[in-house]
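**Student:** Structure supplied as query_12.cif; contents: mmCIF, C-alpha atoms.
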```
data_work
loop_
_atom_site.label_atom_id
_atom_site.label_comp_id
_atom_site.auth_asym_id
_atom_site.auth_seq_id
_atom_site.Cartn_x
_atom_site.Cartn_y
_atom_site.Cartn_z
CA MET A 92 -0.22 -146.42 -12.33
CA ASN A 93 2.21 -146.40 -9.50
CA TYR A 94 1.64 -143.86 -6.73
CA GLU A 95 4.15 -142.90 -4.10
CA THR A 96 2.79 -143.06 -0.59
CA PRO A 97 3.49 -139.84 1.41
CA LEU A 98 5.28 -140.18 4.69
CA LEU A 99 3.41 -139.25 7.82
CA ASP A 100 4.77 -138.44 11.22
CA ASN A 101 3.63 -140.17 14.34
CA ASP A 102 1.02 -137.48 14.95
CA GLY A 103 -0.35 -137.84 11.48
CA THR A 104 1.17 -134.63 9.96
CA LEU A 105 3.02 -134.57 6.73
CA ALA A 106 6.70 -135.06 7.20
CA LEU A 107 8.69 -132.51 5.08
CA PRO A 108 12.17 -133.05 3.94
CA ALA A 109 14.80 -131.27 6.07
CA PRO A 110 15.62 -128.46 3.58
CA GLU A 111 11.99 -127.35 3.29
CA ALA A 112 11.64 -127.17 7.03
CA GLU A 113 14.70 -124.92 7.26
CA ARG A 114 13.27 -122.54 4.65
CA GLY A 115 9.98 -122.22 6.54
CA TYR A 116 11.84 -121.46 9.69
CA ARG A 117 13.78 -118.64 8.07
CA ARG A 118 10.62 -117.20 6.59
CA ALA A 119 9.03 -117.06 9.99
CA LEU A 120 12.07 -115.22 11.41
CA VAL A 121 11.96 -112.56 8.68
CA ILE A 122 8.28 -111.97 9.15
CA GLY A 123 8.77 -111.60 12.90
CA ALA A 124 11.61 -109.11 12.43
CA VAL A 125 9.55 -106.97 10.09
CA VAL A 126 6.64 -106.98 12.51
CA ALA A 127 8.98 -105.97 15.35
CA ILE A 128 10.46 -103.07 13.35
CA VAL A 129 7.03 -101.80 12.33
CA ALA A 130 5.89 -101.99 15.92
CA ALA A 131 8.98 -100.08 17.10
CA LEU A 132 8.44 -97.33 14.54
CA ALA A 133 4.79 -97.03 15.45
CA LEU A 134 5.70 -96.83 19.15
CA GLY A 135 8.31 -94.18 18.43
CA TRP A 136 5.87 -92.08 16.34
CA TRP A 137 3.29 -92.27 19.12
CA TRP A 138 5.89 -91.24 21.74
CA MET A 139 7.13 -88.26 19.74
CA HIS A 140 3.64 -86.90 19.14
CA SER A 141 2.43 -87.49 22.67
CA HIS A 142 5.62 -85.97 24.27
CA PRO A 143 6.68 -82.85 22.23
CA ALA A 144 9.42 -81.99 24.70
CA ALA A 145 11.18 -85.19 23.86
CA LYS A 146 11.77 -84.08 20.21
CA PRO A 147 15.46 -83.62 19.37
CA ALA A 148 16.38 -79.93 18.97
CA ALA A 149 17.21 -78.81 15.42
CA VAL A 150 20.62 -77.48 14.95
CA GLU A 151 20.26 -73.70 14.81
CA GLN A 152 22.35 -71.98 12.14
CA MET A 153 23.40 -68.48 13.27
CA PRO A 154 24.73 -66.12 10.58
CA SER A 155 27.66 -63.89 11.41
CA VAL A 156 27.02 -60.14 11.00
CA THR A 157 29.17 -57.06 11.57
CA VAL A 158 27.86 -54.69 14.23
CA SER A 159 29.11 -51.48 15.79
CA ALA A 160 28.18 -49.07 18.56
CA PRO A 161 28.46 -45.75 16.67
CA GLY A 162 28.55 -43.40 19.64
CA ARG A 163 27.89 -39.71 18.99
CA SER A 164 29.88 -37.19 16.97
CA ASP A 165 29.57 -33.58 15.84
CA VAL A 166 27.50 -33.38 12.66
CA ALA A 167 27.42 -30.21 10.63
CA GLU A 168 23.82 -29.25 9.96
CA VAL A 169 23.27 -28.29 6.34
CA ILE A 170 20.02 -26.66 5.25
CA SER A 171 19.04 -27.08 1.61
CA ALA A 172 17.08 -24.38 -0.16
CA THR A 173 16.15 -23.11 -3.60
CA GLY A 174 15.65 -19.60 -4.86
CA THR A 175 16.48 -17.03 -7.51
CA LEU A 176 19.62 -15.10 -8.32
CA ALA A 177 19.50 -11.30 -8.27
CA ALA A 178 21.66 -8.23 -7.94
CA LYS A 179 22.38 -7.50 -4.30
CA ARG A 180 21.55 -3.85 -4.97
CA ASP A 181 19.50 -3.53 -8.14
CA MET A 182 19.61 0.16 -9.06
CA PRO A 183 17.15 1.55 -11.64
CA VAL A 184 18.50 4.55 -13.57
CA GLY A 185 16.10 7.05 -15.15
CA VAL A 186 15.80 10.69 -16.18
CA ALA A 187 16.88 13.09 -13.47
CA GLY A 188 16.19 16.32 -15.39
CA GLU A 189 13.48 17.61 -17.65
CA GLY A 190 14.26 15.13 -20.39
CA GLY A 191 14.26 15.45 -24.13
CA MET A 192 15.41 13.42 -27.13
CA ILE A 193 18.15 10.82 -26.64
CA THR A 194 21.09 11.60 -28.92
CA ARG A 195 23.51 8.83 -27.92
CA VAL A 196 23.53 5.66 -25.79
CA LEU A 197 27.07 4.95 -24.63
CA VAL A 198 26.86 1.60 -22.77
CA GLU A 199 25.63 -1.95 -23.29
CA PRO A 200 24.43 -4.66 -20.85
CA GLY A 201 27.35 -6.46 -19.23
CA GLN A 202 29.57 -3.40 -19.29
CA TRP A 203 31.24 -2.04 -16.14
CA VAL A 204 30.85 1.69 -15.47
CA GLY A 205 32.21 4.13 -12.91
CA LYS A 206 30.34 6.46 -10.60
CA GLY A 207 29.07 9.49 -12.53
CA GLN A 208 29.89 8.00 -15.93
CA VAL A 209 27.58 9.19 -18.73
CA LEU A 210 25.32 6.38 -19.93
CA ALA A 211 23.29 8.38 -22.49
CA THR A 212 23.03 11.99 -23.66
CA ILE A 213 19.97 14.13 -24.40
CA ASP A 214 19.73 16.89 -26.99
CA ARG A 215 20.45 20.23 -25.29
CA ALA A 216 20.36 22.81 -28.12
CA VAL A 217 17.69 24.96 -26.45
CA GLN A 218 19.21 24.65 -23.01
CA THR A 219 22.62 25.67 -24.35
CA GLN A 220 21.20 28.90 -25.81
CA THR A 221 19.44 29.65 -22.54
CA GLY A 222 22.72 29.23 -20.70
CA ALA A 223 24.49 31.59 -23.09
CA SER A 224 21.79 34.22 -22.53
CA LEU A 225 22.14 33.98 -18.77
CA ALA A 226 25.92 34.22 -19.02
CA ALA A 227 25.51 37.51 -20.97
CA GLN A 228 23.22 38.81 -18.26
CA VAL A 229 25.89 38.05 -15.67
CA ARG A 230 28.45 40.03 -17.63
CA ALA A 231 26.06 42.99 -17.97
CA ALA A 232 25.28 42.97 -14.27
CA ARG A 233 28.97 42.95 -13.43
CA ALA A 234 29.55 45.96 -15.71
CA ASP A 235 26.75 47.87 -14.00
CA ALA A 236 28.18 46.97 -10.63
CA GLY A 237 31.61 48.25 -11.71
CA ILE A 238 30.19 51.65 -12.74
CA ALA A 239 28.24 51.92 -9.51
CA GLN A 240 31.37 51.19 -7.52
CA SER A 241 33.34 53.89 -9.41
CA ASN A 242 30.57 56.48 -8.83
CA TYR A 243 30.57 55.71 -5.16
CA ASN A 244 34.37 56.03 -4.90
CA ARG A 245 34.33 59.50 -6.57
CA ALA A 246 31.49 60.72 -4.37
CA LEU A 247 33.35 59.54 -1.30
CA ALA A 248 36.37 61.69 -2.29
CA LEU A 249 34.20 64.80 -2.86
CA VAL A 250 32.10 64.64 0.28
CA ASP A 251 35.00 65.78 2.45
CA ARG A 252 35.43 68.91 0.29
CA GLY A 253 31.77 69.83 0.53
CA PHE A 254 30.97 69.30 -3.15
CA ILE A 255 28.47 66.52 -2.41
CA SER A 256 26.17 65.91 0.44
CA LYS A 257 26.13 62.85 2.63
CA ALA A 258 22.64 62.03 1.34
CA ASP A 259 23.95 61.80 -2.21
CA LEU A 260 26.78 59.57 -0.97
CA GLU A 261 24.35 57.20 0.69
CA GLN A 262 22.25 57.05 -2.50
CA LYS A 263 25.30 56.11 -4.57
CA ALA A 264 26.21 53.44 -1.98
CA ALA A 265 22.72 51.96 -2.30
CA THR A 266 22.99 51.99 -6.09
CA ARG A 267 26.31 50.19 -5.86
CA ASP A 268 24.93 47.53 -3.48
CA ALA A 269 21.91 46.93 -5.74
CA ALA A 270 24.20 46.46 -8.74
CA PHE A 271 26.26 43.84 -6.95
CA ALA A 272 23.07 42.08 -5.84
CA ARG A 273 21.92 41.89 -9.46
CA VAL A 274 25.25 40.27 -10.31
CA LYS A 275 24.59 37.57 -7.75
CA VAL A 276 21.06 36.98 -9.04
CA ALA A 277 22.29 36.68 -12.61
CA GLN A 278 25.09 34.33 -11.58
CA ALA A 279 22.66 32.14 -9.63
CA SER A 280 20.36 31.92 -12.66
CA LEU A 281 23.29 30.89 -14.83
CA ASP A 282 24.44 28.25 -12.34
CA GLU A 283 20.91 26.85 -12.16
CA GLN A 284 20.72 26.55 -15.94
CA LEU A 285 24.13 24.91 -16.12
CA ALA A 286 23.03 22.39 -13.48
CA ARG A 287 19.90 21.65 -15.49
CA ASN A 288 22.02 21.14 -18.57
CA GLY A 289 24.25 18.75 -16.65
CA ARG A 290 21.24 16.72 -15.60
CA LEU A 291 20.34 16.13 -19.21
CA ASP A 292 23.04 13.44 -19.28
CA ILE A 293 21.95 10.03 -17.90
CA ARG A 294 24.71 9.15 -15.43
CA ALA A 295 25.54 6.13 -13.30
CA PRO A 296 24.70 6.83 -9.63
CA GLU A 297 27.35 4.33 -8.47
CA ALA A 298 30.06 2.15 -9.96
CA GLY A 299 28.73 -1.21 -11.06
CA LEU A 300 27.58 -3.53 -13.82
CA ILE A 301 24.96 -2.63 -16.44
CA LEU A 302 22.29 -5.34 -16.33
CA ALA A 303 19.70 -4.01 -18.76
CA ARG A 304 19.24 -1.17 -21.27
CA GLY A 305 15.79 0.14 -22.09
CA VAL A 306 16.43 3.18 -24.27
CA GLU A 307 17.55 3.90 -27.83
CA ALA A 308 18.83 6.96 -29.67
CA GLY A 309 16.00 9.16 -30.94
CA GLN A 310 13.65 8.23 -28.12
CA ILE A 311 11.89 11.06 -26.27
CA VAL A 312 12.25 10.66 -22.50
CA GLY A 313 11.06 12.60 -19.51
CA ALA A 314 10.53 12.41 -15.77
CA GLY A 315 7.66 9.94 -16.25
CA THR A 316 9.43 7.64 -18.71
CA GLY A 317 10.58 5.19 -16.05
CA THR A 318 13.72 3.05 -15.89
CA LEU A 319 16.19 3.45 -18.75
CA PHE A 320 18.99 1.27 -17.32
CA ARG A 321 19.34 -1.30 -14.55
CA MET A 322 22.61 -1.66 -12.66
CA ALA A 323 24.11 -4.00 -10.06
CA GLU A 324 25.94 -1.82 -7.56
CA ARG A 325 29.62 -2.82 -7.61
CA GLY A 326 28.55 -5.95 -9.52
CA GLU A 327 27.56 -7.75 -6.31
CA MET A 328 25.09 -10.63 -6.64
CA GLU A 329 22.96 -12.58 -4.24
CA MET A 330 20.68 -15.60 -4.01
CA ARG A 331 17.30 -15.15 -2.38
CA ALA A 332 16.77 -18.54 -0.76
CA GLN A 333 13.29 -19.50 0.38
CA LEU A 334 13.30 -21.22 3.78
CA SER A 335 10.72 -22.47 6.25
CA GLU A 336 10.29 -20.87 9.65
CA GLY A 337 12.27 -23.64 11.35
CA ASP A 338 15.17 -23.40 8.92
CA LEU A 339 15.29 -19.60 9.24
CA ALA A 340 15.63 -19.99 13.00
CA ALA A 341 18.61 -22.34 12.52
CA ILE A 342 20.75 -19.88 10.54
CA HIS A 343 22.16 -16.44 11.26
CA VAL A 344 23.80 -13.54 9.46
CA GLY A 345 27.24 -14.78 8.42
CA SER A 346 26.27 -18.44 7.99
CA PRO A 347 28.38 -19.93 5.16
CA ALA A 348 26.59 -21.09 2.05
CA THR A 349 27.30 -22.82 -1.24
CA VAL A 350 25.22 -21.87 -4.29
CA ARG A 351 24.92 -23.85 -7.52
CA PRO A 352 22.97 -22.37 -10.46
CA VAL A 353 20.67 -24.72 -12.35
CA GLY A 354 22.46 -26.39 -15.21
CA SER A 355 25.91 -25.63 -13.84
CA SER A 356 28.38 -28.02 -12.24
CA VAL A 357 30.23 -25.17 -10.52
CA SER A 358 29.42 -24.06 -6.98
CA TYR A 359 29.98 -20.56 -5.60
CA THR A 360 30.66 -19.76 -1.98
CA GLY A 361 28.98 -16.94 -0.12
CA ALA A 362 27.45 -16.01 3.20
CA VAL A 363 24.04 -15.01 4.50
CA TRP A 364 23.97 -11.22 4.82
CA GLN A 365 20.30 -10.66 5.57
CA ILE A 366 17.44 -12.75 6.98
CA SER A 367 13.88 -11.74 6.26
CA PRO A 368 12.11 -10.38 9.36
CA VAL A 369 8.74 -11.30 7.83
CA ILE A 370 7.18 -14.71 7.13
CA ASP A 371 4.78 -15.05 4.22
CA PRO A 372 1.43 -16.00 5.82
CA GLN A 373 0.45 -18.04 2.76
CA THR A 374 3.59 -20.13 2.20
CA ARG A 375 4.95 -19.93 5.77
CA GLN A 376 8.36 -19.19 4.29
CA GLY A 377 10.90 -16.39 4.55
CA ILE A 378 13.89 -15.21 2.53
CA ALA A 379 17.55 -15.61 3.39
CA ARG A 380 19.74 -13.42 1.17
CA ILE A 381 23.15 -14.94 0.35
CA ALA A 382 25.82 -12.50 -0.85
CA LEU A 383 27.97 -13.69 -3.78
CA ARG A 384 30.93 -12.30 -5.67
CA TYR A 385 30.37 -11.33 -9.27
CA ASP A 386 30.73 -14.08 -11.84
CA PRO A 387 29.43 -14.11 -15.43
CA ALA A 388 27.67 -17.42 -14.72
CA LEU A 389 25.55 -15.78 -11.99
CA ARG A 390 22.76 -14.28 -14.04
CA PRO A 391 20.05 -12.34 -12.22
CA GLY A 392 16.67 -14.01 -12.57
CA GLY A 393 18.17 -17.50 -12.79
CA PHE A 394 17.24 -20.39 -10.48
CA ALA A 395 19.75 -21.93 -8.07
CA ALA A 396 20.07 -24.39 -5.20
CA ALA A 397 21.91 -23.61 -1.99
CA GLU A 398 23.29 -25.44 1.02
CA ILE A 399 23.52 -23.25 4.11
CA GLY A 400 25.50 -24.16 7.20
CA GLY A 401 23.24 -24.22 10.24
CA GLY A 402 25.81 -24.96 12.96
CA SER A 403 26.47 -28.45 14.35
CA SER A 404 24.83 -31.01 16.60
CA SER A 405 25.80 -34.29 18.28
CA ALA A 406 24.29 -37.39 16.71
CA PRO A 407 25.17 -41.02 15.86
CA GLN A 408 26.56 -41.60 12.38
CA LEU A 409 26.16 -44.81 10.39
CA PRO A 410 27.23 -46.00 6.94
CA ASN A 411 24.54 -45.96 4.32
CA SER A 412 24.53 -49.79 4.24
CA ALA A 413 23.09 -49.89 7.77
CA ILE A 414 19.95 -47.94 6.80
CA GLN A 415 16.95 -49.96 5.65
CA SER A 416 13.59 -48.64 4.47
CA ASP A 417 10.12 -49.96 3.73
CA ASP A 418 6.58 -48.63 3.64
CA ARG A 419 6.83 -47.85 7.37
CA GLY A 420 9.87 -45.62 6.92
CA ASN A 421 13.59 -45.85 7.65
CA PHE A 422 14.93 -48.32 10.20
CA VAL A 423 18.03 -50.16 11.36
CA TYR A 424 18.58 -53.52 13.01
CA VAL A 425 20.08 -53.60 16.49
CA LEU A 426 20.94 -56.61 18.69
CA ASP A 427 19.47 -57.16 22.13
CA ALA A 428 21.23 -58.82 25.08
CA ASN A 429 20.57 -62.28 23.58
CA ASN A 430 22.04 -61.34 20.18
CA LYS A 431 18.62 -61.32 18.60
CA VAL A 432 17.72 -58.90 15.83
CA VAL A 433 15.40 -56.03 16.82
CA ARG A 434 13.97 -53.47 14.40
CA ARG A 435 14.51 -49.83 15.39
CA ASN A 436 12.75 -47.04 13.49
CA VAL A 437 14.99 -44.00 12.92
CA THR A 438 14.83 -40.50 11.47
CA VAL A 439 17.62 -39.77 9.04
CA GLY A 440 19.46 -36.46 9.34
CA GLU A 441 22.29 -35.01 7.27
CA VAL A 442 24.05 -37.18 4.71
CA SER A 443 27.75 -36.52 4.14
CA ASP A 444 30.92 -38.29 3.07
CA SER A 445 31.43 -39.51 6.63
CA GLY A 446 28.03 -41.22 6.85
CA VAL A 447 24.37 -40.72 7.60
CA ALA A 448 23.45 -38.84 10.77
CA ILE A 449 20.59 -40.34 12.81
CA ALA A 450 18.44 -37.51 14.10
CA GLU A 451 16.07 -39.70 16.14
CA GLY A 452 15.84 -43.35 17.14
CA LEU A 453 19.36 -44.11 18.44
CA ASN A 454 21.47 -42.85 21.35
CA GLY A 455 24.74 -44.28 20.02
CA THR A 456 25.23 -47.12 22.52
CA GLU A 457 23.27 -49.75 20.61
CA ARG A 458 24.94 -52.52 18.62
CA VAL A 459 23.79 -51.71 15.11
CA VAL A 460 23.99 -54.15 12.21
CA LEU A 461 26.17 -52.44 9.62
CA SER A 462 25.45 -54.65 6.60
CA ALA A 463 23.43 -57.65 5.41
CA GLY A 464 20.36 -56.22 7.12
CA ALA A 465 18.21 -57.08 4.13
CA PHE A 466 18.81 -60.80 4.80
CA LEU A 467 17.82 -60.68 8.47
CA ALA A 468 14.46 -60.78 10.20
CA PRO A 469 13.35 -59.48 13.61
CA GLY A 470 13.84 -62.10 16.31
CA GLN A 471 16.56 -63.93 14.42
CA LYS A 472 19.61 -64.86 16.46
CA VAL A 473 22.98 -63.98 14.98
CA ASN A 474 26.66 -64.22 15.74
CA PRO A 475 27.86 -60.58 16.15
CA ILE A 476 31.27 -59.46 14.97
CA LEU A 477 32.01 -56.17 16.72
CA GLN A 478 33.65 -53.44 14.64
CA LYS A 479 35.19 -50.49 16.42
CA PRO A 480 33.78 -47.09 15.37
CA LEU A 481 36.03 -44.56 13.68
CA PRO A 482 37.72 -42.04 16.03
CA GLN A 483 35.50 -39.02 16.59
CA LYS A 484 36.85 -35.60 15.71
CA PRO A 485 36.99 -33.17 18.64
CA ARG A 486 34.73 -30.17 18.49
CA GLY A 487 36.38 -27.20 16.89
#
```
Show me, as structure tokens, the structure contained in the file I just sent.

**Tutor:**
Amino acid sequence: MNYETPLLDNDGTLALPAPEAERGYRRALVIGAVVAIVAALALGWWWMHSHPAAKPAAVEQMPSVTVSAPGRSDVAEVISATGTLAAKRDMPVGVAGEGGMITRVLVEPGQWVGKGQVLATIDRAVQTQTGASLAAQVRAARADAGIAQSNYNRALALVDRGFISKADLEQKAATRDAAFARVKVAQASLDEQLARNGRLDIRAPEAGLILARGVEAGQIVGAGTGTLFRMAERGEMEMRAQLSEGDLAAIHVGSPATVRPVGSSVSYTGAVWQISPVIDPQTRQGIARIALRYDPALRPGGFAAAEIGGGSSSAPQLPNSAIQSDDRGNFVYVLDANNKVVRRNVTVGEVSDSGVAIAEGLNGTERVVLSAGAFLAPGQKVNPILQKPLPQKPRG
């Protein structure tokens, strides 16, 4: 076998061909570069963790939000209440006379009547006969008085001739006077009976609306029977609104009100005409009586809701989108001097078409976030876009 003898260098090492030496050299360079990069990364990681201040600042993204300083404006205070509808003057009508059997009932509920109009009649057969008897007595007394007057006149003509004494003349004068007195007594008795007969009719004490009827023909009624009819004087209605002590103090006689019966989409305007001087010690509430014009939809005994004007006050107003709420209550977001979001707890007042009044929590000079509050967090920095508030109406 023939073996090739390897070539050795002068120092005894194996002599490689030129291409293999070049490849080894390149390999060494790559390995050195990798080691250098790893060392640089390790040095950089150590520097960053040992010197936090040297970290590059992250680019802060600031959202743009619309803000406004609402100022203060006049806000009409509206007090909400519930209560029942009733006749302003509910008049019970009963038997004014001695009573008897009802012969006719002339009206029905919902009917308008005039003052003194007959609502029902009572049988008066006995009373009519009594009146006729008394009228006959009056006629008899007048006849007696006429005879007595004639006797006196004749005696007066004869006394001057001496045919009759003055004593007889005085006696005839007394007889005449007594006869005329009996006429007056008889006439008074007749008038009394006629008045009693007139009271047998059940009459309306005032003009108004019949609300209820509690009697039928054939029924026996008397002074102790009770109410036969119920009337609303002049048809006027009212709502008796139940209010707390504080709300009662905020209204006055003449305060405007709007009343809406339950189940109705129609509102009726009125005004407070009486405020209860007494507070119920159990409920701590009082009654405000709101006068209303008659309307068929206003049925006494029904339930209704009312909004009563309680004057006006100065307060900031915000759109509903600016109000946030959670388990801690209502709040808004305002911006501090550094444009950072700050939570501000507020108390909401009246809500109207022009916005939500803030009763407590703002003075009107703050920059309030108007929208997108749900996407913000306290302490977050934002880019504010100022919106001018709407012009405030002058106080009227």

**Student:** For A:Ile366, which residue among A:Pro296, A:Gly315, A:Gly393, A:Gly345 is the nearest when counting all atoms listed in the file?

**Tutor:** A:Gly345

**Student:** In Å, how far is it from atom CA of A:Ile399 to atom CA of A:Glu168?

**Tutor:**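 Between atom CA of A:Ile399 and atom CA of A:Glu168 the gap works out to 8.4 Å.
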
**Student:** Step by step, work through what the PyMOL selection byres ((chain A and resi 376-391) around 6) selects in the shown file, and finish by giving those residues as a list in words.

**Tutor:**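 Given this file, the PyMOL selection byres ((chain A and resi 376-391) around 6) evaluates to Leu176, Ala177, Gly326, Glu327, Met328, Glu329, Met330, Arg331, Ala332, Gln333, Leu334, Ser335, Glu336, Gly361, Ala362, Val363, Trp364, Gln365, Ile366, Ser367, Ile370, Asp371, Thr374, Arg375, Gly392 and Gly393 of chain A.
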
**Student:** Apply the PyMOL selection byres ((chain A and resi 441-450) around 6) to the displayed file and report the matching residues as a list of chain:residue names.

**Tutor:**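 Output of the PyMOL selection byres ((chain A and resi 441-450) around 6): A:Pro407, A:Gln408, A:Leu409, A:Pro410, A:Thr438, A:Val439, A:Gly440, A:Glu451.
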
**Student:** Residues within 10 Å of A:Gln278, please, as a VMD selection string. Count all atoms listed in the file; anything in the same chain fewer than 5 positions from it doesn't count.

**Tutor:** chain A and resid 225 to 230 232 to 233 272 to 273 283 to 284

**Student:** With the file shown as input, list the residues that the PyMOL selection byres ((chain A and resi 299-310) around 6) selects, as a list in words.

**Tutor:**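 Selected by the PyMOL selection byres ((chain A and resi 299-310) around 6) in this file: Met192, Ile193, Thr194, Arg195, Pro200, Gly201, Gln202, Trp203, Val204, Ala298, Ile311, Leu319, Phe320, Arg321, Met322, Ala323, Glu324, Arg325 and Gly326 of chain A.
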
**Student:** Give me, please, the distance in Å between atom CA of A:Glu199 and atom CA of A:Val312, quoted to one decimal.

**Tutor:**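 Taking atom CA of A:Glu199 and atom CA of A:Val312, their separation equals 18.4 Å.
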
**Student:** So how many Å separate atom CA of A:Leu339 and atom CA of A:Ala396, to one decimal?

**Tutor:**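 Straight-line distance from atom CA of A:Leu339 to atom CA of A:Ala396 works out to 15.9 Å.
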
**Student:** With all atoms listed in the file as the counted atoms, please give the residues lying no more than 8 Å from A:Leu197, apart from itself and same-chain residues fewer than 3 positions off, as a list in words.

**Tutor:**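 The filter keeps Val209, Leu210 and Ala211 of chain A.
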
**Student:** At a cut-off of 9 Å, can you tabulate as a tab-separated table every residue of stretch 362-455 of chain A near stretch 463-472 of chain A together with its closest atom pair and the distance in Å to one decimal, using only C-alpha atoms and ordering rows by chain then number?

**Tutor:**
```
residue	atom	partner	partner_atom	distance
A:Ser412	CA	A:Ala463	CA	8.0
A:Ala413	CA	A:Gly464	CA	6.9
A:Ile414	CA	A:Gly464	CA	8.3
A:Gln415	CA	A:Gly464	CA	7.3
A:Val423	CA	A:Gly464	CA	7.8
A:Tyr424	CA	A:Gly464	CA	6.7
A:Leu426	CA	A:Lys472	CA	8.6
A:Asn429	CA	A:Lys472	CA	7.6
A:Asn430	CA	A:Lys472	CA	5.7
A:Lys431	CA	A:Lys472	CA	4.3
A:Val432	CA	A:Pro469	CA	4.9
A:Val433	CA	A:Pro469	CA	5.1
A:Arg434	CA	A:Pro469	CA	6.1
```

**Student:** Given all atoms listed in the file as the basis, pick out the residue of A:Ser224, A:Ser256, A:Thr175, A:Gln262 nearest to A:Leu281.

**Tutor:** A:Ser224
